[in-house]
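One file, model.cif, carrying mmCIF, C-alpha atoms:
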```
data_structure
#
loop_
_atom_site.label_atom_id
_atom_site.label_comp_id
_atom_site.auth_asym_id
_atom_site.auth_seq_id
_atom_site.Cartn_x
_atom_site.Cartn_y
_atom_site.Cartn_z
CA MET A 342 -48.05 72.45 65.95
CA GLU A 343 -48.79 71.63 62.35
CA MET A 344 -45.56 73.29 61.29
CA GLU A 345 -43.55 71.21 63.73
CA MET A 346 -45.14 68.05 62.39
CA GLU A 347 -44.31 69.01 58.81
CA MET A 348 -40.72 69.75 59.76
CA ALA A 349 -40.45 66.41 61.51
CA THR A 350 -41.87 64.64 58.48
CA GLU A 351 -39.37 66.37 56.17
CA MET A 352 -36.51 65.53 58.47
CA GLY A 353 -37.61 61.88 58.54
CA ALA A 354 -37.83 61.66 54.77
CA THR A 355 -34.40 63.24 54.45
CA ALA A 356 -32.96 60.77 56.94
CA ILE A 357 -34.49 57.86 55.08
CA ALA A 358 -33.08 59.17 51.79
CA GLU A 359 -29.63 59.59 53.31
CA LEU A 360 -29.81 56.07 54.77
CA ALA A 361 -30.80 54.65 51.34
CA LYS A 362 -27.83 56.43 49.74
CA VAL A 363 -25.47 54.99 52.31
CA THR A 364 -26.89 51.48 51.79
CA PHE A 365 -26.51 51.76 47.98
CA VAL A 366 -22.95 52.98 48.33
CA ASN A 367 -22.11 50.12 50.68
CA LYS A 368 -23.57 47.56 48.29
CA SER A 369 -21.66 49.07 45.39
CA ILE A 370 -18.46 48.88 47.40
CA VAL A 371 -19.10 45.21 48.19
CA ILE A 372 -19.84 44.39 44.55
CA LEU A 373 -16.78 46.31 43.36
CA THR A 374 -14.60 44.51 45.89
CA CYS A 375 -15.90 41.13 44.68
CA LEU A 376 -15.19 42.06 41.07
CA GLN A 377 -11.66 43.12 41.96
CA PHE A 378 -11.01 39.78 43.65
CA LYS A 379 -12.40 37.94 40.58
CA ILE A 380 -10.16 39.95 38.27
CA GLN A 381 -7.16 39.09 40.41
CA GLU A 382 -8.05 35.38 40.26
CA LEU A 383 -8.42 35.49 36.46
CA GLU A 384 -5.11 37.34 36.10
CA ALA A 385 -3.42 34.68 38.23
CA GLU A 386 -4.84 31.87 36.07
CA ASN A 387 -3.82 33.72 32.94
CA ALA A 388 -0.27 34.09 34.23
CA LYS A 389 -0.20 30.37 35.04
CA PHE A 390 -1.35 29.37 31.54
CA SER A 391 1.08 31.82 29.94
CA SER A 392 3.92 30.22 31.91
CA GLN A 393 2.87 26.74 30.76
CA LEU A 394 2.64 27.90 27.16
CA ALA A 395 6.09 29.48 27.34
CA ASN A 396 7.58 26.17 28.55
CA CYS A 397 5.74 24.10 25.90
CA ARG A 398 7.92 22.44 23.21
CA CYS A 399 5.07 21.13 21.02
CA HIS A 400 5.71 23.66 18.27
CA GLU A 401 9.39 22.66 18.14
CA LYS A 402 8.44 18.99 17.80
CA GLU A 403 5.95 19.85 15.09
CA ASP A 404 8.49 21.93 13.16
CA LYS A 405 11.02 19.13 13.48
CA ARG A 406 8.45 16.57 12.27
CA ASP A 407 7.41 18.75 9.33
CA SER A 408 10.98 19.44 8.28
CA SER A 409 11.79 15.74 8.59
CA ALA A 410 8.78 14.82 6.49
CA VAL A 411 9.65 17.43 3.84
CA SER A 412 13.25 16.25 3.76
CA CYS A 413 12.08 12.65 3.45
CA ASP A 414 9.64 13.49 0.65
CA SER A 415 12.30 15.47 -1.22
CA SER A 416 14.82 12.66 -1.04
CA LEU A 417 12.24 10.11 -2.11
CA GLU A 418 11.15 12.29 -5.04
CA THR A 419 14.79 12.68 -6.13
CA SER A 420 15.20 8.92 -5.90
CA ARG A 421 12.10 8.36 -8.02
CA LYS A 422 13.28 10.75 -10.74
CA SER A 423 16.80 9.38 -10.95
CA ASN A 424 15.65 5.74 -10.67
CA SER A 425 19.26 4.82 -10.31
CA GLY A 426 18.44 1.32 -9.12
CA SER A 427 20.89 1.70 -6.26
CA LYS A 428 20.03 -0.14 -3.08
CA LYS A 429 19.27 1.73 0.11
CA THR A 430 19.09 0.14 3.48
CA THR A 431 16.41 1.04 5.95
CA LYS A 432 19.03 2.77 8.12
CA GLU A 433 19.98 5.04 5.22
CA ILE A 434 16.38 5.94 4.45
CA VAL A 435 15.15 6.19 8.03
CA LYS A 436 17.73 8.54 9.56
CA GLU A 437 15.91 8.92 12.83
CA LYS A 438 14.09 6.09 14.54
CA VAL A 439 11.30 8.24 15.89
CA PRO A 440 8.11 6.46 16.97
CA GLY A 441 5.24 7.06 14.57
CA TYR A 442 3.16 9.26 16.84
CA ASP A 443 1.91 12.79 16.56
CA THR A 444 0.32 14.13 19.73
CA ARG A 445 -1.10 17.12 17.90
CA ILE A 446 -4.88 16.94 17.59
CA MET A 447 -6.20 17.14 14.04
CA ASN A 448 -9.95 17.17 13.67
CA HIS A 449 -10.16 16.48 17.41
CA HIS A 450 -8.16 13.23 17.10
CA CYS A 451 -4.56 12.15 17.51
CA LYS A 452 -2.83 10.41 14.64
CA ARG A 453 -0.27 7.65 14.31
CA TYR A 454 2.02 6.62 11.46
CA VAL A 455 1.46 2.92 10.77
CA ALA A 456 2.09 0.24 8.15
CA LEU A 457 -0.72 -2.06 7.06
CA LYS A 458 -0.27 -5.55 5.60
CA VAL A 459 -2.90 -6.10 2.91
CA MET A 460 -4.23 -9.13 1.02
CA TYR A 461 -6.38 -8.90 -2.11
CA PHE A 462 -7.69 -11.10 -4.92
CA GLY A 463 -6.99 -8.97 -7.96
CA GLN A 464 -9.13 -10.51 -10.69
CA ARG A 465 -11.86 -7.83 -10.76
CA PHE A 466 -9.59 -4.83 -10.15
CA TYR A 467 -7.81 -2.55 -12.62
CA GLY A 468 -4.56 -2.85 -10.71
CA PHE A 469 -3.54 -1.57 -7.30
CA ALA A 470 -2.89 2.12 -7.96
CA ALA A 471 -5.79 4.56 -8.04
CA GLU A 472 -3.94 6.61 -10.68
CA ALA A 473 -4.94 4.01 -13.27
CA GLN A 474 -7.97 6.21 -14.14
CA MET A 475 -10.13 3.09 -14.04
CA ASP A 476 -12.37 1.78 -11.30
CA PRO A 477 -12.35 -0.25 -9.23
CA THR A 478 -8.75 -0.39 -8.01
CA ILE A 479 -7.52 -1.89 -4.74
CA GLU A 480 -6.19 1.45 -3.59
CA SER A 481 -9.47 3.28 -4.22
CA GLU A 482 -11.38 0.64 -2.26
CA ILE A 483 -8.94 0.92 0.66
CA PHE A 484 -9.34 4.70 0.81
CA LYS A 485 -13.12 4.37 0.64
CA ALA A 486 -12.92 2.13 3.72
CA LEU A 487 -10.56 4.55 5.48
CA GLU A 488 -12.96 7.43 4.88
CA LYS A 489 -16.00 5.38 5.88
CA THR A 490 -14.38 4.38 9.17
CA ARG A 491 -13.06 7.93 9.75
CA LEU A 492 -9.52 6.62 10.18
CA LEU A 493 -8.06 8.79 7.44
CA VAL A 494 -6.13 11.92 8.42
CA GLY A 495 -6.11 14.36 5.52
CA ASP A 496 -5.60 13.37 1.87
CA LYS A 497 -2.88 11.09 0.47
CA LYS A 498 -0.22 13.78 0.58
CA GLU A 499 -1.10 14.96 4.08
CA SER A 500 -1.19 11.38 5.37
CA HIS A 501 2.31 10.65 3.90
CA TYR A 502 0.87 7.66 2.05
CA SER A 503 3.19 5.14 0.37
CA ARG A 504 2.80 1.65 -1.10
CA CYS A 505 5.34 -1.14 -1.53
CA GLY A 506 4.26 -2.66 -4.86
CA ARG A 507 2.14 -1.29 -7.70
CA THR A 508 0.64 -4.54 -8.95
CA ASP A 509 -1.03 -4.57 -12.37
CA LYS A 510 -4.58 -5.38 -13.44
CA GLY A 511 -5.62 -8.85 -12.30
CA VAL A 512 -2.59 -9.46 -10.05
CA SER A 513 -3.24 -10.58 -6.46
CA ALA A 514 -1.28 -10.14 -3.23
CA VAL A 515 -0.96 -11.79 0.15
CA GLY A 516 1.73 -9.51 1.59
CA GLN A 517 1.27 -6.03 0.11
CA VAL A 518 2.30 -3.22 2.50
CA ILE A 519 1.15 0.40 2.66
CA ALA A 520 1.99 3.15 5.17
CA LEU A 521 0.13 6.30 6.21
CA TYR A 522 -1.11 8.35 9.15
CA LEU A 523 -4.26 6.98 10.78
CA ARG A 524 -6.40 8.29 13.60
CA SER A 525 -5.26 7.01 16.99
CA ASN A 526 -6.74 6.61 20.45
CA LEU A 527 -3.36 7.26 22.06
CA LYS A 528 -1.90 10.66 22.94
CA GLU A 529 1.33 9.94 24.82
CA THR A 530 2.67 6.40 24.46
CA CYS A 531 5.84 4.44 24.05
CA GLU A 532 6.74 3.19 20.58
CA ASN A 533 5.28 -0.30 20.74
CA ASN A 534 2.38 0.31 23.07
CA GLU A 535 -0.83 -1.16 21.63
CA GLU A 536 -3.02 -1.21 24.71
CA GLY A 537 -6.10 0.93 24.16
CA GLU A 538 -5.29 1.51 20.49
CA ILE A 539 -7.87 1.21 17.71
CA ASP A 540 -8.16 -2.33 16.30
CA TYR A 541 -7.29 -1.25 12.77
CA VAL A 542 -7.65 -4.77 11.35
CA ARG A 543 -11.15 -5.30 12.72
CA VAL A 544 -12.41 -1.81 11.85
CA LEU A 545 -11.10 -1.80 8.28
CA ASN A 546 -12.08 -5.38 7.43
CA ARG A 547 -15.68 -4.59 8.32
CA ALA A 548 -15.70 -1.83 5.70
CA LEU A 549 -13.64 -3.49 2.94
CA PRO A 550 -15.09 -5.64 0.11
CA ASP A 551 -14.79 -9.42 0.46
CA ASP A 552 -11.77 -9.68 -1.87
CA ILE A 553 -9.61 -7.23 0.13
CA ARG A 554 -8.48 -7.80 3.71
CA VAL A 555 -6.01 -6.22 6.15
CA PHE A 556 -3.83 -8.89 7.78
CA GLY A 557 -2.03 -6.76 10.37
CA TRP A 558 -0.64 -3.37 11.33
CA CYS A 559 2.58 -2.03 12.82
CA PRO A 560 3.76 1.41 14.06
CA VAL A 561 6.61 2.72 11.90
CA PRO A 562 9.16 5.57 12.14
CA LEU A 563 8.31 8.89 10.54
CA GLY A 564 10.91 8.43 7.78
CA PHE A 565 9.50 5.05 6.75
CA ASN A 566 8.41 4.61 3.13
CA ALA A 567 6.67 1.41 2.06
CA ARG A 568 8.41 1.46 -1.33
CA PHE A 569 11.94 2.62 -0.59
CA SER A 570 12.28 1.05 2.86
CA CYS A 571 11.51 -2.40 1.42
CA LEU A 572 14.50 -4.76 1.44
CA GLY A 573 13.00 -7.43 -0.81
CA ARG A 574 9.86 -8.66 -2.56
CA GLU A 575 8.78 -12.21 -3.32
CA TYR A 576 6.39 -13.21 -6.11
CA TYR A 577 4.62 -16.51 -6.70
CA TYR A 578 3.39 -17.59 -10.12
CA LEU A 579 0.97 -20.54 -10.06
CA PHE A 580 0.68 -22.92 -13.02
CA TRP A 581 -0.36 -26.44 -13.96
CA GLY A 582 2.61 -28.70 -14.61
CA GLU A 583 1.07 -30.97 -17.25
CA ASN A 584 3.17 -31.36 -20.41
CA LEU A 585 5.93 -29.10 -19.08
CA ASN A 586 9.59 -30.02 -18.56
CA LEU A 587 9.92 -28.72 -15.00
CA LEU A 588 13.59 -29.66 -14.70
CA ALA A 589 14.48 -27.61 -17.76
CA MET A 590 12.41 -24.69 -16.45
CA GLU A 591 14.13 -24.78 -13.06
CA SER A 592 17.57 -25.06 -14.62
CA ALA A 593 16.83 -22.05 -16.82
CA GLY A 594 15.26 -20.09 -13.96
CA ARG A 595 18.39 -20.34 -11.84
CA LYS A 596 20.17 -18.29 -14.49
CA PHE A 597 18.10 -15.29 -13.36
CA VAL A 598 19.71 -15.32 -9.91
CA GLY A 599 22.16 -12.47 -9.45
CA GLU A 600 22.30 -8.90 -10.69
CA HIS A 601 21.52 -8.55 -14.39
CA ASP A 602 20.12 -6.11 -16.92
CA PHE A 603 16.52 -7.28 -17.39
CA ARG A 604 15.51 -4.93 -20.22
CA ASN A 605 14.66 -7.97 -22.40
CA PHE A 606 12.38 -9.29 -19.64
CA CYS A 607 10.11 -6.27 -19.03
CA LYS A 608 7.90 -3.66 -20.60
CA MET A 609 10.34 -0.83 -21.21
CA ASP A 610 9.49 2.66 -19.96
CA ALA A 611 12.30 4.71 -21.48
CA LEU A 612 10.72 7.99 -20.38
CA ASN A 613 10.93 7.28 -16.63
CA VAL A 614 13.27 4.30 -16.18
CA HIS A 615 16.92 4.55 -17.15
CA ASN A 616 18.48 1.72 -15.14
CA TYR A 617 17.31 -1.82 -15.91
CA ARG A 618 19.68 -3.67 -13.65
CA ARG A 619 17.88 -5.60 -10.92
CA LYS A 620 18.99 -8.26 -8.46
CA VAL A 621 17.17 -11.60 -8.15
CA THR A 622 18.16 -13.27 -4.89
CA SER A 623 16.41 -16.64 -5.24
CA PHE A 624 14.46 -18.79 -7.69
CA ALA A 625 12.61 -22.06 -7.10
CA ILE A 626 9.80 -24.21 -8.50
CA SER A 627 7.83 -26.24 -5.95
CA PRO A 628 4.54 -28.22 -5.92
CA CYS A 629 1.37 -26.93 -4.25
CA ASP A 630 -1.19 -29.00 -2.32
CA VAL A 631 -3.70 -28.82 -5.18
CA ARG A 632 -4.42 -31.31 -7.96
CA PHE A 633 -7.02 -31.48 -10.71
CA ASP A 634 -7.57 -34.70 -12.65
CA GLU A 635 -4.03 -35.88 -11.81
CA ASN A 636 -2.62 -32.52 -12.90
CA GLN A 637 -0.37 -31.00 -10.23
CA LEU A 638 -0.41 -27.29 -9.42
CA TRP A 639 3.08 -25.76 -9.14
CA ALA A 640 4.47 -22.42 -8.04
CA ILE A 641 7.41 -20.45 -9.42
CA LYS A 642 8.91 -18.46 -6.52
CA ILE A 643 11.04 -15.45 -7.41
CA LYS A 644 12.58 -13.14 -4.83
CA GLY A 645 14.48 -9.94 -5.47
CA SER A 646 15.22 -6.47 -4.19
CA ALA A 647 12.97 -4.80 -6.78
CA PHE A 648 11.33 -5.62 -10.12
CA LEU A 649 10.69 -3.80 -13.38
CA TRP A 650 7.31 -3.31 -15.03
CA HIS A 651 5.92 -6.75 -16.06
CA GLN A 652 9.31 -8.34 -15.30
CA VAL A 653 8.00 -11.47 -13.58
CA ARG A 654 5.38 -12.17 -16.24
CA CYS A 655 8.00 -11.83 -19.00
CA MET A 656 10.41 -14.14 -17.16
CA VAL A 657 7.66 -16.75 -16.71
CA ALA A 658 6.60 -16.50 -20.37
CA VAL A 659 10.10 -17.43 -21.55
CA LEU A 660 10.28 -20.23 -18.96
CA PHE A 661 7.04 -21.68 -20.35
CA LEU A 662 8.56 -21.72 -23.84
CA ILE A 663 11.50 -23.66 -22.39
CA GLY A 664 9.19 -26.03 -20.49
CA GLN A 665 7.23 -26.71 -23.69
CA GLY A 666 10.45 -27.61 -25.50
CA HIS A 667 10.29 -24.65 -27.89
CA GLU A 668 13.41 -22.95 -26.52
CA SER A 669 16.67 -24.04 -24.92
CA PRO A 670 17.58 -22.93 -21.37
CA ASP A 671 20.52 -21.13 -23.00
CA VAL A 672 18.09 -18.52 -24.36
CA ILE A 673 18.09 -16.97 -20.87
CA ASP A 674 21.83 -16.29 -21.10
CA ALA A 675 21.37 -14.72 -24.53
CA LEU A 676 18.52 -12.41 -23.45
CA LEU A 677 20.46 -11.28 -20.38
CA ASP A 678 23.40 -10.29 -22.60
CA ILE A 679 22.28 -6.84 -23.79
CA ASP A 680 25.46 -6.34 -25.82
CA ARG A 681 24.51 -9.37 -27.86
CA ILE A 682 20.72 -8.81 -27.80
CA PRO A 683 20.11 -5.05 -27.35
CA ARG A 684 16.52 -5.29 -28.64
CA LYS A 685 13.86 -7.39 -26.97
CA PRO A 686 12.28 -10.06 -29.21
CA GLN A 687 8.50 -9.75 -29.45
CA TYR A 688 6.70 -12.32 -27.30
CA SER A 689 3.51 -12.43 -25.24
CA MET A 690 3.66 -12.10 -21.46
CA ALA A 691 2.29 -14.81 -19.16
CA SER A 692 -1.23 -14.28 -17.84
CA GLU A 693 -1.64 -11.88 -14.91
CA ILE A 694 -4.22 -13.94 -12.98
CA PRO A 695 -1.84 -16.55 -11.45
CA LEU A 696 0.67 -13.90 -10.26
CA VAL A 697 0.75 -13.16 -6.52
CA LEU A 698 2.82 -10.65 -4.54
CA GLN A 699 3.58 -13.06 -1.72
CA SER A 700 5.61 -10.95 0.71
CA CYS A 701 7.50 -7.70 1.24
CA GLU A 702 10.51 -7.69 3.56
CA PHE A 703 11.31 -4.83 5.96
CA GLU A 704 13.77 -4.36 8.76
CA GLY A 705 12.24 -4.49 12.22
CA LEU A 706 8.55 -4.59 11.25
CA ASN A 707 6.37 -6.95 13.27
CA PHE A 708 2.76 -6.84 12.13
CA THR A 709 0.19 -7.49 14.81
CA CYS A 710 -3.45 -8.58 14.77
CA SER A 711 -5.77 -9.09 17.74
CA SER A 712 -7.02 -12.61 18.44
CA ASP A 713 -10.62 -11.62 17.69
CA SER A 714 -9.66 -10.01 14.40
CA MET A 715 -7.54 -13.01 13.43
CA GLN A 716 -10.42 -15.38 14.15
CA ALA A 717 -12.79 -13.27 12.07
CA LEU A 718 -10.19 -13.18 9.29
CA ARG A 719 -9.83 -16.96 9.31
CA VAL A 720 -13.59 -17.46 9.16
CA HIS A 721 -13.90 -15.02 6.26
CA LEU A 722 -11.08 -16.61 4.24
CA ALA A 723 -12.45 -20.11 4.90
CA ASN A 724 -15.86 -19.01 3.61
CA GLU A 725 -14.26 -17.50 0.51
CA CYS A 726 -12.36 -20.74 -0.14
CA GLN A 727 -15.57 -22.76 0.19
CA ASN A 728 -17.38 -20.43 -2.20
CA TYR A 729 -14.65 -20.84 -4.82
CA HIS A 730 -14.69 -24.62 -4.35
CA LEU A 731 -18.44 -24.57 -4.96
CA LYS A 732 -17.93 -22.58 -8.16
CA ALA A 733 -15.19 -25.00 -9.22
CA ALA A 734 -17.53 -27.94 -8.55
CA ILE A 735 -20.20 -26.38 -10.78
CA PHE A 736 -17.69 -25.85 -13.60
CA HIS A 737 -16.45 -29.42 -13.11
CA GLU A 738 -19.99 -30.75 -13.50
CA ALA A 739 -20.35 -28.70 -16.67
CA LEU A 740 -17.04 -30.10 -17.91
CA GLN A 741 -18.22 -33.67 -17.31
CA SER A 742 -21.40 -33.03 -19.24
CA CYS A 743 -19.38 -31.75 -22.21
CA SER A 744 -17.54 -35.05 -22.76
CA PRO A 745 -20.20 -36.77 -24.97
CA ILE A 746 -20.56 -33.61 -27.04
CA GLU A 747 -16.86 -33.57 -27.79
CA LYS A 748 -17.03 -37.18 -29.10
CA ASP A 749 -20.00 -36.39 -31.31
CA GLN A 750 -18.26 -33.27 -32.57
CA ARG A 751 -15.18 -35.27 -33.58
CA SER A 752 -17.33 -37.53 -35.71
CA LEU A 753 -18.90 -34.50 -37.39
CA ASP A 754 -15.48 -33.13 -38.26
CA ASN A 755 -14.86 -36.19 -40.53
CA GLY A 756 -11.58 -36.85 -38.82
CA THR A 757 -10.01 -33.57 -39.88
CA VAL A 758 -7.28 -32.34 -37.53
CA LYS A 759 -6.52 -28.66 -37.09
CA LYS A 760 -2.93 -27.77 -37.84
CA LYS A 761 -1.01 -26.43 -34.88
CA SER A 762 0.77 -23.12 -35.34
CA SER A 763 4.52 -23.57 -35.69
CA HIS A 764 6.79 -21.96 -33.11
CA VAL A 765 9.06 -19.13 -34.24
CA PRO A 766 12.30 -19.10 -32.18
CA LEU A 767 12.76 -15.99 -30.06
CA MET A 768 16.02 -15.10 -31.79
CA SER A 769 14.26 -15.14 -35.17
CA ARG A 770 11.35 -12.90 -34.20
CA PRO A 771 10.91 -9.18 -34.87
CA THR A 772 12.32 -7.01 -32.12
CA GLU A 773 11.21 -3.95 -30.21
CA PRO A 774 13.22 -0.70 -30.32
CA SER A 775 16.23 -0.60 -28.02
CA TYR A 776 16.45 1.76 -25.06
CA GLU A 777 18.77 4.09 -26.97
CA GLU A 778 16.41 4.19 -29.94
CA ARG A 779 13.47 4.99 -27.68
CA ARG A 780 15.40 7.81 -25.99
CA THR A 781 16.42 9.28 -29.33
CA LYS A 782 12.79 9.28 -30.44
CA LEU A 783 11.71 10.95 -27.19
CA ASN A 784 14.36 13.65 -27.51
CA THR A 785 13.33 14.31 -31.11
CA ARG A 786 9.72 14.83 -30.03
CA ARG A 787 10.79 17.28 -27.34
CA LYS A 788 12.73 19.35 -29.86
CA ASP A 789 9.73 19.41 -32.21
#
```
Using structure tokens, write down the structure from this file.
Amino acid sequence: MEMEMEMATEMGATAIAELAKVTFVNKSIVILTCLQFKIQELEAENAKFSSQLANCRCHEKEDKRDSSAVSCDSSLETSRKSNSGSKKTTKEIVKEKVPGYDTRIMNHHCKRYVALKVMYFGQRFYGFAAEAQMDPTIESEIFKALEKTRLLVGDKKESHYSRCGRTDKGVSAVGQVIALYLRSNLKETCENNEEGEIDYVRVLNRALPDDIRVFGWCPVPLGFNARFSCLGREYYYLFWGENLNLLAMESAGRKFVGEHDFRNFCKMDALNVHNYRRKVTSFAISPCDVRFDENQLWAIKIKGSAFLWHQVRCMVAVLFLIGQGHESPDVIDALLDIDRIPRKPQYSMASEIPLVLQSCEFEGLNFTCSSDSMQALRVHLANECQNYHLKAAIFHEALQSCSPIEKDQRSLDNGTVKKKSSHVPLMSRPTEPSYEERRTKLNTRRKD
């Protein structure tokens, strides 16, 4: 009996063990089946994504954009080196009117090629260009704001940065234009779509110093260059008209209109510039809505396709000599005749502070600014005007208090009058080396 019970117990244990094995096998089969189905699903998704990737043309667009950019940069660099002075229309420079968008994500953001219209009061700056090796410059302040607002895409080279005018130390601008890639909210858009885009004017103006402001922005084609796509530039030079013969100045200034060799009206850079012919399209002198003690403020307005280094300030300096009666208007004709006057007479340039880059002309650019940003811009500029009027009022009060001192000082001088320095005619002054003489000197140095 006991043996039968033991056998039954062993048989039961064996049956239970066999049943457990069967259950484990069944579960393994179920799990394996589920894994096989999951693998099939993943393979199907992988095939789907591979098909989409095979049909994608993004890399072709990118290659085309890069080759276009390289071609554009190469042509622009060749143009800079030759400095032939030849005119290029926007259609010649911008071969393909491609909207300034790049749907590729860089640093998790899309980018857009845009032009910015910039105003600045240049008195405290060491010129516009950051390459001046002096701080602050307008350009360095703009890039600080771009970095602070995280709008910048790469460095200057990577962002395809360009500027229209390289104004000198102390010179201001109302219509300077720069172009570069900026971060964008838009991925796929039409060329002029602005809905949902970053308000570049508002964002940048919040980060810029008070004497620099962005006036507007505009999407531009990929081949656009702020310098070489510009069709014309207009400069204003402000001055007080007291004791100046304005009619003689205007008559002389009209002689600048047309295409001439302006080597006697610039600071010559014989190393980099070999063509000094430039075209002035218009010249005018007109009054401004500002007076001081019956003295009227005037503006010389000069427009041309391009200008040489310090050209406007040299032109104005000679006009002032004519307005003061020291020179005849005919001196303009003589200085424009390089066969007759191959060497520039030595004379001082006009001050840089009253010079303003008023506008830069481009084909098809329409700068935009949101209503909120424009209102904020107006408020800011109005406040700046009021602040400068307050400073002027303080100086005026100081001027009024100086009047009695001047009378007392005259009595102390025992009536002596200081002798005014006599004017030396331009044609009788020492001259600077000619272009040919400068080139010969440069070539001699290279041989040494």
Q: Could you tell me which of A:Trp650, A:Phe569, A:Tyr541, A:Trp558 comes closest to Asn613 in chain A if we count all atoms listed in the file?
A: A:Trp650
(Q) Give me the residues near Tyr776 in chain A as a PyMOL selection string, where near means some atom within 7 Å (using only C-alpha atoms) and where sequence neighbours in that chain fewer than 3 positions away do not count. (A) chain A and resi 611+779-780
Q.
Once the PyMOL selection byres ((chain A and resi 766-768) around 9) is applied to the coordinates I shared, what remains selected? I want it as a ChimeraX atom specification.
A. /A:667-668,672,682,686-688,764-765,769-772
Selected residues written out with C-alpha atoms, as a PDB file, keeping the file's coordinate frame:
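Below is the file part_27.pdb, written as the result:
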```pdb
ATOM      1  CA  HIS A 667      10.290 -24.650 -27.890  1.00  0.00           C
ATOM      2  CA  GLU A 668      13.410 -22.950 -26.520  1.00  0.00           C
ATOM      3  CA  VAL A 672      18.090 -18.520 -24.360  1.00  0.00           C
ATOM      4  CA  ILE A 682      20.720  -8.810 -27.800  1.00  0.00           C
ATOM      5  CA  PRO A 686      12.280 -10.060 -29.210  1.00  0.00           C
ATOM      6  CA  GLN A 687       8.500  -9.750 -29.450  1.00  0.00           C
ATOM      7  CA  TYR A 688       6.700 -12.320 -27.300  1.00  0.00           C
ATOM      8  CA  HIS A 764       6.790 -21.960 -33.110  1.00  0.00           C
ATOM      9  CA  VAL A 765       9.060 -19.130 -34.240  1.00  0.00           C
ATOM     10  CA  SER A 769      14.260 -15.140 -35.170  1.00  0.00           C
ATOM     11  CA  ARG A 770      11.350 -12.900 -34.200  1.00  0.00           C
ATOM     12  CA  PRO A 771      10.910  -9.180 -34.870  1.00  0.00           C
ATOM     13  CA  THR A 772      12.320  -7.010 -32.120  1.00  0.00           C
TER      14      THR A 772
END
```
Q: Could you give me, as a PyMOL selection string, the residues within 7 Å of range 500-509 of chain A, counting all atoms listed in the file and dropping anything in the same chain fewer than 4 positions from it?
A: chain A and resi 468-470+494-496+517-522+566-568+571
Write out as a PDB file with C-alpha atoms, in the coordinates of the input which residues come within 8 Å of range 694-704 of chain A when counting all atoms listed in the file, dropping same-chain ones fewer than 5 positions away.
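Done, and the output landed in around11.pdb:
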```pdb
ATOM      1  CA  THR A 431      16.410   1.040   5.950  1.00  0.00           C
ATOM      2  CA  GLY A 463      -6.990  -8.970  -7.960  1.00  0.00           C
ATOM      3  CA  GLN A 464      -9.130 -10.510 -10.690  1.00  0.00           C
ATOM      4  CA  CYS A 505       5.340  -1.140  -1.530  1.00  0.00           C
ATOM      5  CA  THR A 508       0.640  -4.540  -8.950  1.00  0.00           C
ATOM      6  CA  GLY A 511      -5.620  -8.850 -12.300  1.00  0.00           C
ATOM      7  CA  VAL A 512      -2.590  -9.460 -10.050  1.00  0.00           C
ATOM      8  CA  SER A 513      -3.240 -10.580  -6.460  1.00  0.00           C
ATOM      9  CA  ALA A 514      -1.280 -10.140  -3.230  1.00  0.00           C
ATOM     10  CA  VAL A 515      -0.960 -11.790   0.150  1.00  0.00           C
ATOM     11  CA  GLY A 516       1.730  -9.510   1.590  1.00  0.00           C
ATOM     12  CA  GLN A 517       1.270  -6.030   0.110  1.00  0.00           C
ATOM     13  CA  VAL A 518       2.300  -3.220   2.500  1.00  0.00           C
ATOM     14  CA  SER A 570      12.280   1.050   2.860  1.00  0.00           C
ATOM     15  CA  CYS A 571      11.510  -2.400   1.420  1.00  0.00           C
ATOM     16  CA  LEU A 572      14.500  -4.760   1.440  1.00  0.00           C
ATOM     17  CA  GLY A 573      13.000  -7.430  -0.810  1.00  0.00           C
ATOM     18  CA  ARG A 574       9.860  -8.660  -2.560  1.00  0.00           C
ATOM     19  CA  GLU A 575       8.780 -12.210  -3.320  1.00  0.00           C
ATOM     20  CA  TYR A 576       6.390 -13.210  -6.110  1.00  0.00           C
ATOM     21  CA  TYR A 577       4.620 -16.510  -6.700  1.00  0.00           C
ATOM     22  CA  TYR A 578       3.390 -17.590 -10.120  1.00  0.00           C
ATOM     23  CA  LEU A 579       0.970 -20.540 -10.060  1.00  0.00           C
ATOM     24  CA  PHE A 580       0.680 -22.920 -13.020  1.00  0.00           C
ATOM     25  CA  ARG A 654       5.380 -12.170 -16.240  1.00  0.00           C
TER      26      ARG A 654
END
```
Q.
Counting only C-alpha atoms, which residue out of A:Met609, A:Cys710, A:Leu677, A:Met656 sits closest to Ile539 in chain A?
A.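 Once distances to Ile539 in chain A are computed over only C-alpha atoms, the minimum belongs to A:Cys710.
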Q | Who sits within 12 Å of Asp680 in chain A, all atoms listed in the file, same chain under 5 positions skipped, as a list in words | A | Asp602, Arg604, Asn605, Asp674, Ala675, Lys685 and Ser775 of chain A
Q: Could you tell me which of A:Arg632, A:His737, A:Arg618, A:Lys642 comes closest to Asp678 in chain A if we count only C-alpha atoms?
A: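 Result for the nearest residue to Asp678 in chain A: A:Arg618.
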Q) In Å, how far is it from CA of Cys451 in chain A to CA of Arg524 in chain A? A) 5.8 Å
(Q) Could you tell me, as a list in words, exactly which residues end up selected when the PyMOL selection byres ((chain A and resi 542) around 7) is applied to this structure? (A) Asp540, Tyr541, Arg543, Val544, Leu545, Asn546, Val555, Phe556, Gly557, Cys710 and Ser714 of chain A
